[in-house]
Structures are given as structure tokens and as C-alpha cells.
$ cat model.cif   # mmCIF, C-alpha atoms and all ligand atoms
data_final
loop_
_atom_site.label_atom_id
_atom_site.label_comp_id
_atom_site.auth_asym_id
_atom_site.auth_seq_id
_atom_site.Cartn_x
_atom_site.Cartn_y
_atom_site.Cartn_z
CA MET A 14 -14.75 1.76 -3.70
CA GLU A 15 -17.71 -0.34 -2.73
CA PHE A 16 -19.86 2.16 -0.94
CA PHE A 17 -20.47 5.47 -2.58
CA GLY A 18 -23.45 7.67 -2.07
CA ALA A 19 -25.16 10.67 -0.63
CA ALA A 20 -22.52 11.49 1.98
CA GLU A 21 -19.79 11.83 -0.64
CA ARG A 22 -22.08 14.06 -2.72
CA THR A 23 -22.82 16.30 0.27
CA GLU A 24 -19.14 16.82 1.01
CA ILE A 25 -18.33 17.57 -2.63
CA ASN A 26 -21.20 20.02 -2.80
CA ASP A 27 -19.80 21.88 0.22
CA VAL A 28 -16.70 22.54 -1.85
CA LEU A 29 -18.59 23.40 -5.03
CA GLU A 30 -20.75 25.91 -3.13
CA THR A 31 -17.72 27.98 -2.21
CA GLY A 32 -15.80 27.33 -5.43
CA ILE A 33 -12.55 27.04 -3.46
CA LEU A 34 -10.95 23.85 -4.75
CA PHE A 35 -7.53 24.67 -3.31
CA ARG A 36 -6.69 23.50 0.21
CA TYR A 37 -4.84 26.66 1.22
CA ASN A 38 -5.74 30.35 1.50
CA HIS A 39 -8.98 32.10 0.41
CA GLU A 40 -10.23 32.42 3.99
CA ALA A 41 -12.87 35.00 3.14
CA GLN A 42 -14.55 32.91 0.41
CA ARG A 43 -14.27 29.38 1.75
CA ASN A 44 -16.85 29.59 4.52
CA ASN A 45 -14.59 27.66 6.85
CA ILE A 46 -14.61 24.61 4.55
CA TYR A 47 -11.29 22.73 4.77
CA LYS A 48 -11.82 19.23 3.37
CA ALA A 49 -8.14 18.26 3.14
CA ARG A 50 -7.74 19.03 6.84
CA GLU A 51 -10.87 17.03 7.70
CA PHE A 52 -9.66 14.14 5.56
CA GLU A 53 -6.36 14.14 7.45
CA ALA A 54 -8.16 14.20 10.79
CA GLU A 55 -10.34 11.22 9.76
CA VAL A 56 -7.37 9.12 8.72
CA ALA A 57 -5.38 10.08 11.83
CA LYS A 58 -8.35 9.01 13.96
CA LEU A 59 -8.88 5.75 12.06
CA VAL A 60 -5.29 4.57 12.40
CA GLY A 61 -4.30 6.32 15.63
CA ALA A 62 -1.65 8.58 14.10
CA LYS A 63 -0.49 11.83 15.66
CA TYR A 64 -0.10 13.39 12.21
CA ALA A 65 -1.52 12.74 8.77
CA HIS A 66 -0.81 14.68 5.60
CA ALA A 67 -2.92 14.21 2.47
CA VAL A 68 -1.32 14.31 -0.97
CA SER A 69 -2.16 13.59 -4.61
CA SER A 70 -1.71 9.79 -4.61
CA GLY A 71 -0.47 6.79 -2.69
CA SER A 72 2.69 6.95 -4.78
CA THR A 73 3.42 10.54 -3.79
CA ALA A 74 2.51 9.67 -0.19
CA ALA A 75 5.20 6.96 -0.32
CA LEU A 76 7.62 9.46 -1.84
CA CYS A 77 6.87 12.04 0.88
CA ALA A 78 7.20 9.31 3.52
CA MET A 79 10.60 8.39 2.13
CA ALA A 80 11.88 11.98 1.93
CA ALA A 81 10.44 12.94 5.33
CA ALA A 82 12.17 9.92 6.89
CA GLY A 83 15.45 11.42 5.68
CA ILE A 84 16.18 8.85 2.98
CA GLY A 85 18.14 10.34 0.10
CA ALA A 86 20.87 10.16 -2.50
CA GLY A 87 22.97 7.03 -2.43
CA ASP A 88 21.23 5.44 0.55
CA GLU A 89 20.52 1.74 0.24
CA VAL A 90 16.89 0.94 1.05
CA ILE A 91 15.76 -2.66 1.47
CA VAL A 92 12.57 -3.34 -0.49
CA PRO A 93 10.42 -6.36 -1.34
CA PRO A 94 10.34 -7.91 -4.83
CA PHE A 95 6.56 -8.26 -4.43
CA THR A 96 4.75 -4.92 -4.21
CA TYR A 97 3.17 -2.43 -6.52
CA ILE A 98 5.97 -0.79 -8.55
CA ALA A 99 5.29 2.58 -6.87
CA THR A 100 7.30 1.48 -3.82
CA ILE A 101 10.43 0.98 -5.90
CA GLU A 102 9.80 4.16 -7.89
CA ALA A 103 9.56 6.19 -4.66
CA VAL A 104 12.94 4.86 -3.52
CA LEU A 105 14.50 5.75 -6.87
CA MET A 106 12.82 9.19 -6.96
CA VAL A 107 14.56 10.28 -3.75
CA GLY A 108 17.84 9.16 -5.29
CA ALA A 109 18.17 6.06 -3.13
CA LEU A 110 19.16 2.57 -4.25
CA PRO A 111 16.64 -0.28 -3.91
CA VAL A 112 18.05 -3.51 -2.50
CA PHE A 113 15.67 -6.42 -3.01
CA ALA A 114 15.30 -8.84 -0.11
CA ASP A 115 13.30 -12.01 0.35
CA ILE A 116 9.74 -12.36 1.61
CA ASP A 117 7.98 -15.17 3.45
CA GLU A 118 4.50 -16.66 3.50
CA THR A 119 3.10 -13.42 4.95
CA LEU A 120 3.75 -12.11 1.37
CA CYS A 121 5.82 -9.33 2.99
CA LEU A 122 9.55 -8.88 3.65
CA SER A 123 10.75 -11.29 6.33
CA ALA A 124 13.05 -10.40 9.20
CA GLU A 125 15.53 -12.95 7.86
CA GLY A 126 15.34 -11.50 4.34
CA ILE A 127 16.00 -8.00 5.68
CA ARG A 128 18.91 -9.20 7.83
CA LYS A 129 20.63 -10.86 4.87
CA ALA A 130 20.32 -7.71 2.71
CA ILE A 131 21.96 -5.31 5.21
CA THR A 132 25.26 -3.72 4.15
CA PRO A 133 27.23 -0.80 5.64
CA ARG A 134 25.33 1.48 3.21
CA THR A 135 21.85 0.40 4.33
CA LYS A 136 19.91 3.39 5.55
CA GLY A 137 16.48 1.91 5.88
CA VAL A 138 13.75 -0.51 4.91
CA CYS A 139 10.60 0.18 2.95
CA LEU A 140 8.26 -2.47 4.24
CA VAL A 141 5.11 -3.14 2.23
CA HIS A 142 2.05 -4.74 3.82
CA MET A 143 0.67 -6.76 0.94
CA CYS A 144 -2.80 -7.89 -0.06
CA GLY A 145 -4.60 -6.31 2.90
CA GLN A 146 -2.57 -8.27 5.47
CA MET A 147 0.41 -7.30 7.61
CA ALA A 148 4.07 -8.23 7.96
CA ASP A 149 5.47 -10.14 10.93
CA MET A 150 6.22 -7.01 12.95
CA ASP A 151 7.83 -8.33 16.15
CA ALA A 152 10.59 -10.12 14.25
CA ILE A 153 11.02 -7.25 11.80
CA MET A 154 11.23 -4.57 14.51
CA ALA A 155 13.93 -6.60 16.25
CA VAL A 156 16.14 -6.37 13.12
CA ILE A 157 15.26 -2.70 12.53
CA ASN A 158 16.21 -1.79 16.10
CA GLU A 159 19.27 -4.00 16.27
CA HIS A 160 20.74 -2.37 13.14
CA ASN A 161 19.37 1.10 13.79
CA LEU A 162 17.58 1.27 10.44
CA VAL A 163 14.97 3.81 9.35
CA LEU A 164 11.65 2.08 8.74
CA VAL A 165 9.22 3.46 6.16
CA GLU A 166 5.97 1.56 5.56
CA ASP A 167 4.13 1.49 2.29
CA ALA A 168 0.72 0.45 3.60
CA GLY A 169 -0.96 1.37 0.30
CA GLN A 170 -2.94 -1.88 0.38
CA ALA A 171 -3.39 -2.15 4.13
CA MET A 172 -4.98 0.97 5.56
CA GLY A 173 -6.92 -0.08 8.64
CA ALA A 174 -4.88 -3.24 9.12
CA SER A 175 -2.84 -3.60 12.31
CA TYR A 176 -0.52 -5.90 14.21
CA LYS A 177 -1.13 -6.33 17.94
CA GLY A 178 -3.23 -3.19 17.95
CA VAL A 179 -0.75 -0.90 16.19
CA SER A 180 -1.78 0.17 12.67
CA THR A 181 0.28 -0.67 9.63
CA GLY A 182 1.97 2.58 8.67
CA LEU A 183 2.76 3.55 12.26
CA TRP A 184 5.49 1.06 13.15
CA GLY A 185 8.25 3.04 11.52
CA LYS A 186 9.22 6.66 11.14
CA THR A 187 6.69 7.34 8.39
CA GLY A 188 3.98 5.46 6.51
CA ALA A 189 1.81 5.86 3.42
CA TYR A 190 -1.72 4.88 2.34
CA SER A 191 -3.30 5.01 -1.09
CA PHE A 192 -6.81 6.21 -1.99
CA ASP A 193 -6.72 5.23 -5.64
CA PHE A 194 -9.78 3.65 -7.20
CA PHE A 195 -8.84 0.09 -6.21
CA LYS A 196 -8.09 0.53 -2.53
CA ILE A 197 -10.27 -0.06 0.54
CA ALA A 198 -11.31 3.60 0.47
CA THR A 199 -10.91 5.89 -2.51
CA ALA A 200 -10.73 9.59 -3.23
CA GLY A 201 -10.60 8.99 -6.98
CA GLU A 202 -6.92 9.75 -6.62
CA GLY A 203 -5.20 10.55 -3.36
CA GLY A 204 -2.86 9.39 -0.65
CA ILE A 205 -1.99 10.04 2.97
CA MET A 206 1.34 10.10 4.72
CA VAL A 207 1.20 9.34 8.46
CA THR A 208 3.71 9.66 11.27
CA ASN A 209 4.01 10.20 15.02
CA ASP A 210 7.12 12.32 14.48
CA GLU A 211 6.50 16.06 14.35
CA VAL A 212 9.58 16.91 12.30
CA ALA A 213 8.81 14.21 9.72
CA TYR A 214 5.26 15.55 9.48
CA LYS A 215 6.45 19.12 8.92
CA HIS A 216 8.91 17.92 6.29
CA ALA A 217 6.19 15.99 4.44
CA ASP A 218 3.88 18.99 4.65
CA SER A 219 6.50 21.28 3.10
CA TYR A 220 7.94 18.71 0.69
CA SER A 221 4.51 18.17 -0.89
CA ASP A 222 4.08 21.87 -1.60
CA HIS A 223 7.33 23.39 -2.91
CA GLY A 224 8.75 23.77 0.57
CA HIS A 225 6.10 26.18 1.88
CA ASP A 226 5.95 25.96 5.67
CA HIS A 227 2.20 26.75 5.83
CA ILE A 228 2.64 28.81 8.98
CA GLY A 229 0.19 31.68 9.17
CA SER A 230 -2.77 32.22 6.89
CA ASN A 231 -1.08 33.43 3.73
CA ARG A 232 0.45 30.52 1.86
CA GLY A 233 2.91 31.84 -0.64
CA MET A 234 4.26 34.58 1.54
CA GLU A 235 5.71 32.42 4.33
CA GLN A 236 9.06 30.69 4.76
CA HIS A 237 10.46 27.79 2.72
CA PRO A 238 12.54 25.63 5.01
CA ILE A 239 13.22 22.83 2.50
CA LEU A 240 13.11 21.98 -1.19
CA GLY A 241 9.86 20.41 -2.35
CA PHE A 242 7.57 19.87 -5.30
CA ASN A 243 3.83 19.79 -5.97
CA TYR A 244 2.13 16.69 -4.61
CA ARG A 245 -0.92 18.53 -3.27
CA ILE A 246 -4.40 17.06 -3.03
CA SER A 247 -7.43 19.06 -4.15
CA GLU A 248 -10.40 19.82 -1.93
CA LEU A 249 -12.67 17.78 -4.21
CA HIS A 250 -10.62 14.62 -3.79
CA ALA A 251 -10.28 15.18 -0.06
CA ALA A 252 -14.06 15.63 0.24
CA VAL A 253 -14.59 12.11 -1.12
CA GLY A 254 -11.66 10.63 0.82
CA LEU A 255 -12.92 11.80 4.19
CA VAL A 256 -16.31 10.11 3.81
CA GLN A 257 -14.72 6.96 2.46
CA THR A 258 -12.37 6.83 5.45
CA ARG A 259 -15.36 6.85 7.81
CA ARG A 260 -16.68 3.76 6.04
CA VAL A 261 -13.49 1.71 6.56
CA PRO A 262 -14.28 0.08 9.95
CA GLU A 263 -17.58 -1.25 8.57
CA ILE A 264 -15.89 -2.54 5.40
CA ILE A 265 -13.16 -4.28 7.41
CA LYS A 266 -15.68 -5.95 9.70
CA SER A 267 -17.68 -7.28 6.81
CA ASN A 268 -14.58 -8.34 4.83
CA ASN A 269 -13.31 -10.32 7.81
CA ALA A 270 -16.58 -12.20 8.20
CA HIS A 271 -16.47 -13.15 4.50
CA LYS A 272 -12.79 -14.09 4.59
CA SER A 273 -13.29 -16.35 7.64
CA GLN A 274 -16.20 -18.04 5.94
CA LEU A 275 -14.18 -18.62 2.76
CA MET A 276 -11.11 -19.86 4.65
CA ALA A 277 -13.19 -22.26 6.75
CA ALA A 278 -14.76 -23.74 3.63
CA LEU A 279 -11.71 -23.83 1.37
CA GLY A 280 -9.24 -24.84 4.08
CA GLN A 281 -10.83 -28.31 4.03
CA ILE A 282 -9.59 -29.00 0.51
CA PRO A 283 -6.37 -31.02 0.35
CA GLY A 284 -3.46 -28.87 -0.87
CA VAL A 285 -5.11 -25.52 -0.14
CA GLU A 286 -3.26 -23.29 2.28
CA PHE A 287 -3.36 -19.57 2.90
CA ALA A 288 -0.82 -16.79 3.14
CA ARG A 289 0.18 -16.42 6.78
CA ILE A 290 -1.59 -13.66 8.71
CA PRO A 291 0.60 -12.71 11.70
CA ASP A 292 -2.37 -11.16 13.56
CA THR A 293 -5.77 -12.28 12.26
CA ASP A 294 -7.49 -9.64 14.44
CA GLY A 295 -5.67 -6.95 12.44
CA ASP A 296 -6.45 -8.18 8.93
CA SER A 297 -8.19 -5.66 6.66
CA ALA A 298 -9.31 -8.76 4.73
CA THR A 299 -9.53 -7.05 1.36
CA PHE A 300 -8.14 -10.22 -0.24
CA LEU A 301 -8.37 -13.95 0.25
CA ASN A 302 -4.81 -15.15 -0.39
CA MET A 303 -4.63 -18.87 -1.21
CA LEU A 304 -1.42 -20.83 -1.60
CA LEU A 305 -1.60 -23.90 -3.82
CA PRO A 306 1.04 -26.66 -3.64
CA ASP A 307 3.04 -25.39 -6.63
CA THR A 308 3.08 -22.89 -9.49
CA GLU A 309 1.64 -25.31 -12.08
CA THR A 310 -1.31 -26.20 -9.88
CA ALA A 311 -1.97 -22.54 -9.12
CA GLN A 312 -1.90 -21.74 -12.80
CA ARG A 313 -4.43 -24.48 -13.56
CA VAL A 314 -6.69 -23.44 -10.69
CA VAL A 315 -6.68 -19.77 -11.63
CA ALA A 316 -7.45 -20.72 -15.25
CA GLU A 317 -10.44 -22.80 -14.04
CA MET A 318 -11.59 -19.96 -11.79
CA ASN A 319 -11.37 -17.44 -14.61
CA ALA A 320 -13.12 -19.82 -17.05
CA ALA A 321 -15.94 -20.18 -14.51
CA GLY A 322 -16.13 -16.39 -14.25
CA ILE A 323 -15.27 -16.41 -10.55
CA GLY A 324 -12.29 -14.07 -10.73
CA GLY A 325 -9.03 -14.45 -8.83
CA PHE A 326 -5.53 -13.81 -10.12
CA ASN A 327 -1.95 -14.97 -9.91
CA TYR A 328 0.67 -12.22 -9.77
CA TRP A 329 3.29 -14.30 -11.54
CA PHE A 330 1.37 -15.11 -14.71
CA THR A 331 -0.54 -11.90 -15.26
CA ASN A 332 1.24 -8.75 -16.20
CA MET A 333 -0.04 -7.09 -13.04
CA TYR A 334 3.24 -5.33 -12.45
CA HIS A 335 3.46 -6.43 -8.79
CA PHE A 336 6.36 -8.87 -9.01
CA ILE A 337 9.96 -8.38 -10.00
CA ASN A 338 9.63 -10.74 -12.99
CA GLN A 339 7.69 -7.88 -14.63
CA TRP A 340 10.17 -5.11 -13.81
CA ASP A 341 12.75 -5.39 -16.58
CA HIS A 342 12.97 -1.61 -16.88
CA ILE A 343 14.25 -1.48 -13.31
CA LYS A 344 16.63 -4.39 -13.71
CA GLU A 345 18.03 -2.68 -16.82
CA MET A 346 17.75 0.81 -15.30
CA ARG A 347 15.89 2.14 -18.34
CA THR A 348 14.62 5.68 -17.77
CA ALA A 349 13.80 8.75 -19.79
CA SER A 350 16.80 10.47 -18.25
CA THR A 351 19.39 9.29 -15.73
CA LEU A 352 18.93 7.67 -12.36
CA PRO A 353 21.20 8.35 -9.39
CA ILE A 354 21.63 4.61 -9.33
CA GLU A 355 23.73 4.85 -12.49
CA LYS A 356 26.10 7.27 -10.75
CA PHE A 357 26.35 5.35 -7.49
CA GLY A 358 26.35 1.91 -9.08
CA ALA A 359 23.76 -0.81 -8.60
CA PRO A 360 23.91 -2.17 -5.06
CA GLN A 361 23.20 -5.73 -6.21
CA ASP A 362 22.90 -7.74 -9.41
CA TYR A 363 19.23 -7.08 -10.20
CA LYS A 364 19.12 -9.87 -12.76
CA ASN A 365 20.34 -12.53 -10.34
CA LEU A 366 18.65 -11.91 -7.04
CA ASP A 367 18.75 -14.32 -4.13
CA ILE A 368 15.03 -14.40 -3.34
CA PRO A 369 14.10 -18.11 -3.22
CA ASN A 370 11.03 -17.72 -0.99
CA ALA A 371 9.57 -15.01 -3.21
CA GLN A 372 10.10 -17.19 -6.24
CA ALA A 373 8.57 -20.19 -4.49
CA THR A 374 5.61 -18.27 -3.04
CA ILE A 375 4.33 -15.81 -5.65
CA GLY A 376 3.78 -18.49 -8.29
CA ARG A 377 1.67 -20.50 -5.82
CA LEU A 378 -0.41 -17.52 -4.76
CA ILE A 379 -3.96 -16.89 -5.93
CA SER A 380 -5.46 -13.67 -4.61
CA PHE A 381 -9.11 -12.99 -4.68
CA GLY A 382 -10.76 -9.63 -3.97
CA ILE A 383 -13.33 -9.67 -1.16
CA ARG A 384 -16.40 -7.43 -1.39
CA ALA A 385 -17.87 -6.04 1.81
CA THR A 386 -21.28 -5.88 0.13
CA TRP A 387 -21.63 -9.67 -0.26
CA THR A 388 -24.24 -11.54 1.77
CA SER A 389 -23.17 -14.70 3.59
CA GLU A 390 -25.30 -16.72 1.10
CA GLU A 391 -23.31 -15.20 -1.74
CA VAL A 392 -20.09 -16.07 0.06
CA ALA A 393 -21.27 -19.66 0.52
CA THR A 394 -22.02 -19.94 -3.22
CA LEU A 395 -18.67 -18.40 -4.03
CA ALA A 396 -16.87 -20.85 -1.74
CA SER A 397 -18.48 -23.81 -3.47
CA ASN A 398 -17.70 -22.36 -6.90
CA ILE A 399 -14.06 -21.84 -5.96
CA GLU A 400 -13.94 -25.33 -4.51
CA ALA A 401 -15.36 -26.80 -7.72
CA ALA A 402 -12.72 -24.95 -9.75
CA ILE A 403 -9.95 -26.21 -7.47
CA ARG A 404 -11.18 -29.80 -7.56
CA LYS A 405 -11.56 -29.71 -11.31
CA ALA A 406 -8.07 -28.28 -11.78
CA THR A 407 -6.41 -30.66 -9.35
CA LEU A 408 -8.60 -33.68 -10.14
CA VAL A 409 -9.32 -34.18 -6.47
CA GLU A 410 -12.62 -36.01 -6.02
CA ALA A 411 -15.27 -34.17 -4.03
C1 LIG B 501 -1.72 1.25 -4.87
C2 LIG B 501 -0.38 1.22 -4.27
C3 LIG B 501 0.50 2.29 -4.35
C4 LIG B 501 0.23 3.48 -5.22
O1 LIG B 501 -0.88 4.18 -4.90
P1 LIG B 501 -1.52 5.20 -5.97
O2 LIG B 501 -2.53 5.93 -5.16
O3 LIG B 501 -2.11 4.38 -7.07
O4 LIG B 501 -0.43 6.08 -6.45
C5 LIG B 501 1.69 2.23 -3.67
N1 LIG B 501 2.05 1.14 -2.99
C6 LIG B 501 1.24 0.06 -2.90
C7 LIG B 501 1.68 -1.11 -2.11
C8 LIG B 501 0.01 0.06 -3.56
O5 LIG B 501 -0.76 -1.03 -3.53
#
$ encode --input "model.cif" --output "C-alpha cells" --more "lines below"
Ligand SMILES: *Cc1c(COP(=O)(O)O)cnc(C)c1O
Amino acid sequence: MEFFGAAERTEINDVLETGILFRYNHEAQRNNIYKAREFEAEVAKLVGAKYAHAVSSGSTAALCAMAAAGIGAGDEVIVPPFTYIATIEAVLMVGALPVFADIDETLCLSAEGIRKAITPRTKGVCLVHMCGQMADMDAIMAVINEHNLVLVEDAGQAMGASYKGVSTGLWGKTGAYSFDFFKIATAGEGGIMVTNDEVAYKHADSYSDHGHDHIGSNRGMEQHPILGFNYRISELHAAVGLVQTRRVPEIIKSNNAHKSQLMAALGQIPGVEFARIPDTDGDSATFLNMLLPDTETAQRVVAEMNAAGIGGFNYWFTNMYHFINQWDHIKEMRTASTLPIEKFGAPQDYKNLDIPNAQATIGRLISFGIRATWTSEEVATLASNIEAAIRKATLVEA
């Protein structure tokens, strides 16, 4: 949410003029204003999807993506231990059983990690493209195809990123993006499910609105092919989301220039490495992702950076809720009611997971949010401030 201005206001005002805040019906009053539809068209165009369906959040987009991909009760779904918790919640909400697999230095599930986690009950994989980057898709698709698995992508943090020209979110059966306040583009709250599969699209469309099929002009009086719930987006949110989506290519271009500048400067420092980017041309570059030699060093560096007011964070030591060491409620299956997982049995021992790379990598990781609005002078100053913090923390002479 870095650029916000007149265009967003104009689109919102279109909606306020008619007073029709609901995406369906009211043809006579709405003056042909359909912001949710326009929002979907913008996202489809940006990422090259055949179909896009807007919903209330990135979390509900992930849930719709899961359901529309046909994942359901008792299915094992391979997930990463490093993601926002919403990924795991979406798996549990469709009644499926999350199976945690290992990641690699891309910060995403690795092909090897996925392969090791496959059992006869594995239905699919929910791959998460973390920190604005992308997973190693060639290797992952080989395992997906070899084992005939359903791939769902939670690209909540990576809208606009791609691998070899194909957008994150479009490698599998279905994908999801988030438009919450912290993502590359925001609608305040909102999400989009994308797919190239017509049936999956229709299922997501119905699933997000109590099963209505939305055929014809009178929603409410049509057919209800499947069970659903209410995950609808409002016209006001969609109005903001569609303008924000148009801004994404410009943001990505600027982010990449800043990230290259930072990596060139900081890559010179002994001990500083970066998370692996399988296709640097496809990076959305929302984060600089540094890897320090070990967890203790990373902790010292991030403390120095924070003391100097530079920012930057380590997912292991903050309670940011992105790593499995902060998910005790899931390990202990604590809910307000009952999870299907309790009926089917846990598919693995959640308290003793075999995820050595995740444990070795997340503690070493320092992520740093990149702002498209920076000037290259500001980036240069930032690079030298980060460098000073690293040298101070590691006692490496300049
Ligand atoms: C932000 C995020 C979500 C959730 O999106 P909301 O719009 O906040 O519901 C899901 N998955 C990932 C990977 C995210 O980063």
C-alpha cells in the first residue's frame, strides 16, 4: 500500500454515486458499475489467468482455491512450515490434513521435501511463494506430475512474481493472492482466486457465495450446484483493488531496481548471502531476504538493525506467526470446536517434524521490506546503514 491517491478515490466515488455496494443484482440502479468484475479482469490481465474470482480476503481466496481444486475431508495436503498461518488454516477448514514438509534456501517447499512427505493418502500440495520470491518450479512440477498430485498455490505474498514467464498462482490447478493492507497491492481487505480451469473457476464462484451459480441476472433465484458460504467481496473493496492492481508492474520494476542495488552492496560483506531466487527476472522484490551464517549472528544483526532504526525482522525470534515454532495451537490441535483431523488422526507427529532445512534456514533469515517509493540515494544510504549494523554485530572490520 505505497501508492494511494486520486484514482482510488474516483473508483470508490463511482460506487458511492450509485449506492450499490453489492457486486450482484440491482441492474437498474447501478449504472453499469461492476467493480468486482473489473477488479477480476485487472488481476487476470496482470498475471495472465483465464479466470479470476475476487473474494473477501487472501485467506478466503486460499480456502476457495483449496475447495475448488477438489481437496476435502481426510485428504493429506503437503504444506510448508514457513508461511502465514492462513495457508494451514485453509487446509484445515476444508477438512484436510496438513503434512509439513521441508523447504530450501528459496524459503519455499523444495521438490525433495515434497517427495519425502508423500504417502498413499496425499491428495495435493499447497505451495507458498514466500517473501515476494518464487519456488523452484521445474523441480517441483516434476514431482507433482510424477505423483499425479493436485497443486494449489498460495501466492498471497507473490502476486506479480513469476518463474520462466509463468505467474505464481498459475502453475497448479488453482492459486490465491491477498490484498490485505500489507501486500504489494491492497483493497483494505480482499483476495483473488485464479485458475485456467473453467470448472474450478465456477466452483470457486459458487463456493464463495452460498453455492449460487450466478447464471442470469437475478442472483438468489438461480440454481445452487454446490454447497458454499459467504466469502464475497464488496464493491468498495474491489474499487480500490482494481486501481492498486494497475500499479503493480510499476511497483515491481522499482522494487527490483532497489533490491539489486541492495544485493550488490551487501553481497560484498563476508558472511552475507541471500535467499535463492530461482528466476531473478520474476521476482516481485517486495523483500530483501538476507541469510546470515547462523541463527546467533542473525539475531545480533537484526538487533543492531532495529537499534539503529533501520527495520528488518527475523521470523524465528519475533512472534510473527509465520513459522511452525509459533503454531502450538496447531501442533496441539486446539480449536473452539472439533477439527476433522481429530477424527481422521494426525498424519504425522506435529511436535517432532523432520524439517532440518527449515530449522537451519529460518533462524538465519533477515527479511527487509522494500519500498517502491525510495530514491536510489535513499537506497544507497540504507545499504550503508545495514552494512554498518552487520559489521558492528559481527565485528567485521570495514
Ligand atoms: C497475507 C497472506 C495470506 C492471508 O491473506 P489475508 O488477505 O490477510 O487473509 C495468506 N497466505 C499468505 C502466504 C499470506 O502472506
$ residues_near_ligand --input "model.cif" --ligand "ligand LIG 501 (chain B)" --cutoff "10 Å" --atoms "only C-alpha atoms and all ligand atoms" --output "JSON, numbers by chain"
{"A": [68, 69, 70, 71, 72, 73, 74, 75, 76, 95, 96, 97, 98, 99, 100, 101, 102, 103, 140, 141, 142, 143, 144, 145, 166, 167, 168, 169, 170, 171, 189, 190, 191, 192, 193, 194, 195, 196, 199, 200, 201, 202, 203, 204, 205, 335]}
$ residues_around --input "model.cif" --residues "region 387-396 of chain A" --least-positions-apart "2" --cutoff "8 Å" --atoms "all atoms listed in the file" --output "PyMOL selection string"
chain A and resi 271+274-275+278-279+323+384-385+398-400
$ closest_residue --input "model.cif" --among "A:Ala130, A:Leu408, A:Ile383, A:Ile246" --to "Phe52 (chain A)" --atoms "all atoms listed in the file"
A:Ile246
$ atom_distance --input "model.cif" --atom1 "CA of Thr208 (chain A)" --atom2 "CA of Tyr64 (chain A)"
5.4 Å
$ residues_around --input "model.cif" --residues "Ile354 (chain A)" --least-positions-apart "6" --cutoff "8 Å" --atoms "only C-alpha atoms" --output "ChimeraX atom specification"
/A:87,105,108-110
$ atom_distance --input "model.cif" --atom1 "CA of Asp296 (chain A)" --atom2 "CA of Asn269 (chain A)"
7.3 Å
$ closest_residue --input "model.cif" --among "A:Trp329, A:Glu30, A:Ala401, A:Asn370" --to "Glu125 (chain A)" --atoms "only C-alpha atoms"
A:Asn370
$ atom_distance --input "model.cif" --atom1 "CA of Phe16 (chain A)" --atom2 "CA of Ile264 (chain A)"
8.8 Å
$ residues_around --input "model.cif" --residues "region 315-320 of chain A" --least-positions-apart "4" --cutoff "9 Å" --atoms "all atoms listed in the file" --output "list in words"
Thr310, Ala311, Gly324, Gly325, Phe326, Asn327, Ile379, Asn398, Ile399, Ala401, Ala402, Ile403, Lys405 and Ala406 of chain A
$ closest_residue --input "model.cif" --among "A:Thr135, A:Ser350, A:Ser219, A:Gln312" --to "Ala80 (chain A)" --atoms "all atoms listed in the file"
A:Ser219
$ residues_around --input "model.cif" --residues "Leu164 (chain A)" --least-positions-apart "4" --cutoff "8 Å" --atoms "all atoms listed in the file" --output "list in words"
Gly137, Val138, Cys139, Leu140, Ile157, Trp184, Gly185, Lys186 and Thr187 of chain A
$ closest_residue --input "model.cif" --among "A:Gly376, A:Gly382, A:Pro360, A:Gly233" --to "Leu301 (chain A)" --atoms "all atoms listed in the file"
A:Gly382
$ closest_residue --input "model.cif" --among "A:Gln281, A:Ser230, A:Thr374, A:Thr299" --to "Thr119 (chain A)" --atoms "all atoms listed in the file"
A:Thr374
$ residues_around --input "model.cif" --residues "Asp294 (chain A)" --least-positions-apart "5" --cutoff "10 Å" --atoms "all atoms listed in the file" --output "mmCIF file with C-alpha atoms, in the frame of the given file"
data_model
loop_
_atom_site.group_PDB
_atom_site.id
_atom_site.type_symbol
_atom_site.label_atom_id
_atom_site.label_comp_id
_atom_site.auth_asym_id
_atom_site.auth_seq_id
_atom_site.Cartn_x
_atom_site.Cartn_y
_atom_site.Cartn_z
ATOM 1 C CA ALA A 174 -4.880 -3.240 9.120
ATOM 2 C CA SER A 175 -2.840 -3.600 12.310
ATOM 3 C CA TYR A 176 -0.520 -5.900 14.210
ATOM 4 C CA LYS A 177 -1.130 -6.330 17.940
ATOM 5 C CA GLY A 178 -3.230 -3.190 17.950
ATOM 6 C CA ASN A 269 -13.310 -10.320 7.810
#
$ closest_residue --input "model.cif" --among "A:Ile91, A:Leu183, A:Ala217, A:Met106" --to "Leu162 (chain A)" --atoms "all atoms listed in the file"
A:Ile91
$ axis_aligned_box --input "model.cif" --around "region 158-166 of chain A" --padding-each-side "5 Å" --output "JSON"
{"center_x": 13.4, "center_y": -0.1, "center_z": 10.9, "size_x": 24.8, "size_y": 17.8, "size_z": 20.7}
